[in-house]
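First the structure, in the form of structure tokens, and then the observations on it.
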Amino acid sequence: MNLTLRYFITIAFIVLSSNEIKAQTTDRSIKASIGFGSSSSYYIENYGSQEEVDVMGGGLYLQGEYIIGLKSWFSVRPYAGAIFESVDKNQNVQNQPQYKVTTNAFLMGGKVRICAPIPWVAPFIEGGIGTSIGKFETFTPNVNFNKSDVLLHIPFSIGLAVGRHNSFEIGISGYFHPAAKQSTAVFALGYTFPLD
């Protein structure tokens, strides 16, 4: 038996037997998350110049998700949340403006999760699209964006669902706001409540 056929049989066996393994519930549930978010500008025009400054803002992140489990490895997740950030007021350099990147907004949207069907520790990846409503500041040597607006964001997450029923989560998320030329990185802990 050649090596390609062995790989095909192994993968087919894993996929067919994964219906018995529950990495996430196929029922409805709610997930609550809390964490720390930090925003920064991803627009760097003068890389390596003296104009580069550390302008990150940070603060509280909260989110709730309604989980629709379609398969043990796939779910749809409408979400709503908020992020509240600020910057250190003492970071002014003499004769220079205070550069800063902050997001203070309500987040909502939808994403999908692909989760490895492994009991006790299940790695996952998520992606989707959403809307942010609030105040966005990206004030750097190259960008001057300061608006209270409704902006498109693109969420992306990786993490681990742990525990007997994979109820606890540890994850890192990113929310990209192309119009504001900024992104928010989030480290969060979550817990899933079944609705049954």
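By convention here, the chains of the structure tokens are called A, B, ... in the order presented, each chain's residues are numbered starting at 1, and ligands are numbered starting at 1 in the order presented.
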
As a VMD selection string, please: the residues near range 96-108 of chain A (cut-off 8 Å, only C-alpha atoms, same-chain neighbours under 6 positions excluded).
chain A and resid 39 to 41 53 55 to 58 78 to 87 130 to 141 182 184

Could you pull the residues within 10 Å of Glu126 in chain A, counting only C-alpha atoms, minus those fewer than 2 positions along the same chain, as number ranges by chain?
A: 74-77, 111-115, 124, 128, 155-159, 173

From the DSSP assignment of the backbone, select every residue of range 48-165 of chain A that is strand (DSSP E), and format the answer as an MDAnalysis selection string.
chainID A and resid 57:71 74:86 100:115 120:139 144:163

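A straight line drawn from CA of Gly35 in chain A to CA of Gly190 in chain A is 8.6 Å long.
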
9 Å contact set for Ala179 in chain A, only C-alpha atoms, chain neighbours under 4 positions out, as a PyMOL selection string:
chain A and resi 145+151-153

Just N, CA, C and O atoms for this one: save the residues we selected as an mmCIF file, in the first residue's frame.
```cif
data_model
loop_
_atom_site.group_PDB
_atom_site.id
_atom_site.type_symbol
_atom_site.label_atom_id
_atom_site.label_comp_id
_atom_site.auth_asym_id
_atom_site.auth_seq_id
_atom_site.Cartn_x
_atom_site.Cartn_y
_atom_site.Cartn_z
ATOM 1 N N PHE A 145 -6.859 60.191 12.309
ATOM 2 C CA PHE A 145 -8.245 59.746 12.220
ATOM 3 C C PHE A 145 -8.865 59.892 13.596
ATOM 4 O O PHE A 145 -8.401 59.286 14.563
ATOM 5 N N LEU A 151 -18.162 51.781 11.851
ATOM 6 C CA LEU A 151 -17.110 51.262 10.984
ATOM 7 C C LEU A 151 -17.196 49.745 10.856
ATOM 8 O O LEU A 151 -17.583 49.048 11.795
ATOM 9 N N LEU A 152 -16.793 49.266 9.709
ATOM 10 C CA LEU A 152 -16.651 47.833 9.463
ATOM 11 C C LEU A 152 -15.449 47.314 10.241
ATOM 12 O O LEU A 152 -14.421 47.989 10.319
ATOM 13 N N HIS A 153 -15.565 46.133 10.835
ATOM 14 C CA HIS A 153 -14.391 45.468 11.393
ATOM 15 C C HIS A 153 -14.382 44.006 10.966
ATOM 16 O O HIS A 153 -15.404 43.436 10.611
#
```

Determine, counting only C-alpha atoms, which protein, DNA and RNA residues have an atom within 12 Å of an atom of Asn166 in chain A; residues of the same chain fewer than 2 positions away are not included. Present the result as an mmCIF file with N, CA, C and O atoms, in the first residue's frame.
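Output file part-v3.cif follows:
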```
data_model
loop_
_atom_site.group_PDB
_atom_site.id
_atom_site.type_symbol
_atom_site.label_atom_id
_atom_site.label_comp_id
_atom_site.auth_asym_id
_atom_site.auth_seq_id
_atom_site.Cartn_x
_atom_site.Cartn_y
_atom_site.Cartn_z
ATOM 1 N N ILE A 21 -17.106 12.242 18.542
ATOM 2 C CA ILE A 21 -16.312 13.066 19.439
ATOM 3 C C ILE A 21 -16.933 14.454 19.493
ATOM 4 O O ILE A 21 -17.230 15.051 18.479
ATOM 5 N N LYS A 22 -17.118 14.977 20.690
ATOM 6 C CA LYS A 22 -17.740 16.290 20.855
ATOM 7 C C LYS A 22 -16.708 17.316 21.302
ATOM 8 O O LYS A 22 -16.307 17.362 22.449
ATOM 9 N N ALA A 23 -16.243 18.146 20.389
ATOM 10 C CA ALA A 23 -15.345 19.234 20.765
ATOM 11 C C ALA A 23 -16.155 20.446 21.191
ATOM 12 O O ALA A 23 -15.701 21.257 21.963
ATOM 13 N N GLN A 24 -17.340 20.579 20.667
ATOM 14 C CA GLN A 24 -18.270 21.622 21.092
ATOM 15 C C GLN A 24 -19.671 21.080 20.910
ATOM 16 O O GLN A 24 -19.914 20.177 20.136
ATOM 17 N N THR A 25 -20.586 21.638 21.643
ATOM 18 C CA THR A 25 -21.955 21.152 21.597
ATOM 19 C C THR A 25 -22.612 21.484 20.264
ATOM 20 O O THR A 25 -22.281 22.472 19.632
ATOM 21 N N LYS A 31 -21.944 32.242 25.270
ATOM 22 C CA LYS A 31 -20.598 32.382 25.810
ATOM 23 C C LYS A 31 -20.381 33.817 26.263
ATOM 24 O O LYS A 31 -20.715 34.763 25.538
ATOM 25 N N SER A 72 -20.067 19.034 15.478
ATOM 26 C CA SER A 72 -19.169 19.034 16.637
ATOM 27 C C SER A 72 -17.930 19.879 16.382
ATOM 28 O O SER A 72 -17.279 20.323 17.304
ATOM 29 N N CYS A 115 -13.415 24.024 14.986
ATOM 30 C CA CYS A 115 -12.816 23.535 16.227
ATOM 31 C C CYS A 115 -12.375 22.088 16.033
ATOM 32 O O CYS A 115 -13.133 21.278 15.495
ATOM 33 N N ALA A 116 -11.163 21.767 16.446
ATOM 34 C CA ALA A 116 -10.701 20.381 16.358
ATOM 35 C C ALA A 116 -11.515 19.518 17.312
ATOM 36 O O ALA A 116 -11.668 19.866 18.477
ATOM 37 N N PRO A 117 -12.058 18.403 16.835
ATOM 38 C CA PRO A 117 -12.887 17.551 17.698
ATOM 39 C C PRO A 117 -12.051 16.701 18.651
ATOM 40 O O PRO A 117 -11.915 15.495 18.499
ATOM 41 N N ILE A 118 -11.462 17.380 19.639
ATOM 42 C CA ILE A 118 -10.599 16.714 20.620
ATOM 43 C C ILE A 118 -11.192 16.947 22.001
ATOM 44 O O ILE A 118 -11.457 18.086 22.372
ATOM 45 N N PRO A 119 -11.420 15.907 22.782
ATOM 46 C CA PRO A 119 -11.959 16.122 24.128
ATOM 47 C C PRO A 119 -10.943 16.796 25.048
ATOM 48 O O PRO A 119 -9.752 16.658 24.873
ATOM 49 N N TRP A 120 -11.435 17.525 26.031
ATOM 50 C CA TRP A 120 -10.703 18.212 27.094
ATOM 51 C C TRP A 120 -9.933 19.434 26.612
ATOM 52 O O TRP A 120 -9.979 20.474 27.247
ATOM 53 N N VAL A 121 -9.205 19.376 25.528
ATOM 54 C CA VAL A 121 -8.478 20.542 25.002
ATOM 55 C C VAL A 121 -8.693 20.590 23.498
ATOM 56 O O VAL A 121 -8.161 19.767 22.767
ATOM 57 N N ALA A 122 -9.503 21.562 23.040
ATOM 58 C CA ALA A 122 -9.860 21.641 21.627
ATOM 59 C C ALA A 122 -9.399 22.976 21.046
ATOM 60 O O ALA A 122 -9.944 24.020 21.379
ATOM 61 N N PRO A 123 -8.378 22.990 20.191
ATOM 62 C CA PRO A 123 -7.964 24.234 19.541
ATOM 63 C C PRO A 123 -9.012 24.681 18.531
ATOM 64 O O PRO A 123 -9.700 23.859 17.918
ATOM 65 N N PHE A 124 -9.157 26.010 18.380
ATOM 66 C CA PHE A 124 -10.135 26.544 17.432
ATOM 67 C C PHE A 124 -9.589 27.756 16.708
ATOM 68 O O PHE A 124 -8.628 28.389 17.136
ATOM 69 N N GLY A 159 -7.592 29.999 19.705
ATOM 70 C CA GLY A 159 -7.587 29.718 21.133
ATOM 71 C C GLY A 159 -7.812 28.256 21.435
ATOM 72 O O GLY A 159 -7.759 27.398 20.548
ATOM 73 N N LEU A 160 -8.082 28.000 22.716
ATOM 74 C CA LEU A 160 -8.317 26.650 23.204
ATOM 75 C C LEU A 160 -9.599 26.610 24.012
ATOM 76 O O LEU A 160 -9.817 27.464 24.878
ATOM 77 N N ALA A 161 -10.453 25.632 23.728
ATOM 78 C CA ALA A 161 -11.628 25.340 24.557
ATOM 79 C C ALA A 161 -11.229 24.167 25.447
ATOM 80 O O ALA A 161 -10.835 23.107 24.949
ATOM 81 N N VAL A 162 -11.293 24.356 26.765
ATOM 82 C CA VAL A 162 -10.790 23.348 27.693
ATOM 83 C C VAL A 162 -11.876 22.912 28.670
ATOM 84 O O VAL A 162 -12.897 23.572 28.832
ATOM 85 N N GLY A 163 -11.630 21.796 29.331
ATOM 86 C CA GLY A 163 -12.567 21.260 30.312
ATOM 87 C C GLY A 163 -13.311 20.057 29.772
ATOM 88 O O GLY A 163 -13.254 19.751 28.581
ATOM 89 N N ARG A 164 -14.020 19.387 30.663
ATOM 90 C CA ARG A 164 -14.738 18.167 30.273
ATOM 91 C C ARG A 164 -15.708 18.404 29.133
ATOM 92 O O ARG A 164 -15.834 17.595 28.222
ATOM 93 N N PHE A 168 -14.693 26.171 29.193
ATOM 94 C CA PHE A 168 -13.789 27.293 29.433
ATOM 95 C C PHE A 168 -12.961 27.556 28.186
ATOM 96 O O PHE A 168 -12.588 26.623 27.483
ATOM 97 N N GLU A 169 -12.667 28.842 27.931
ATOM 98 C CA GLU A 169 -11.881 29.192 26.753
ATOM 99 C C GLU A 169 -10.800 30.196 27.098
ATOM 100 O O GLU A 169 -10.998 31.083 27.928
ATOM 101 N N ILE A 170 -9.674 30.034 26.436
ATOM 102 C CA ILE A 170 -8.574 30.991 26.481
ATOM 103 C C ILE A 170 -8.287 31.336 25.032
ATOM 104 O O ILE A 170 -8.059 30.438 24.208
ATOM 105 N N GLY A 190 -13.154 33.025 28.551
ATOM 106 C CA GLY A 190 -14.586 32.887 28.327
ATOM 107 C C GLY A 190 -15.156 31.648 28.991
ATOM 108 O O GLY A 190 -14.434 30.700 29.315
ATOM 109 N N TYR A 191 -16.469 31.681 29.177
ATOM 110 C CA TYR A 191 -17.184 30.528 29.727
ATOM 111 C C TYR A 191 -18.481 30.351 28.949
ATOM 112 O O TYR A 191 -19.199 31.323 28.689
ATOM 113 N N THR A 192 -18.797 29.107 28.590
ATOM 114 C CA THR A 192 -19.995 28.797 27.803
ATOM 115 C C THR A 192 -21.072 28.216 28.695
ATOM 116 O O THR A 192 -20.827 27.259 29.447
ATOM 117 N N PHE A 193 -22.273 28.810 28.609
ATOM 118 C CA PHE A 193 -23.441 28.369 29.365
ATOM 119 C C PHE A 193 -24.397 27.657 28.425
ATOM 120 O O PHE A 193 -24.929 28.287 27.510
ATOM 121 N N PRO A 194 -24.667 26.355 28.605
ATOM 122 C CA PRO A 194 -25.646 25.685 27.738
ATOM 123 C C PRO A 194 -27.060 26.216 28.021
ATOM 124 O O PRO A 194 -27.387 26.568 29.143
#
```

I want to know what sits within 9 Å of Asp27 in chain A, based on only C-alpha atoms, with residues of the same chain fewer than 2 positions away left out; could you give that as JSON, numbers by chain?
{"A": [24, 25, 29, 67, 68, 69, 70, 194, 195, 196]}

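Interatomic distance, CA of Tyr66 in chain A to CA of His177 in chain A: 23.0 Å.
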
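CA of Leu62 in chain A lies 20.4 Å from CA of Arg28 in chain A.
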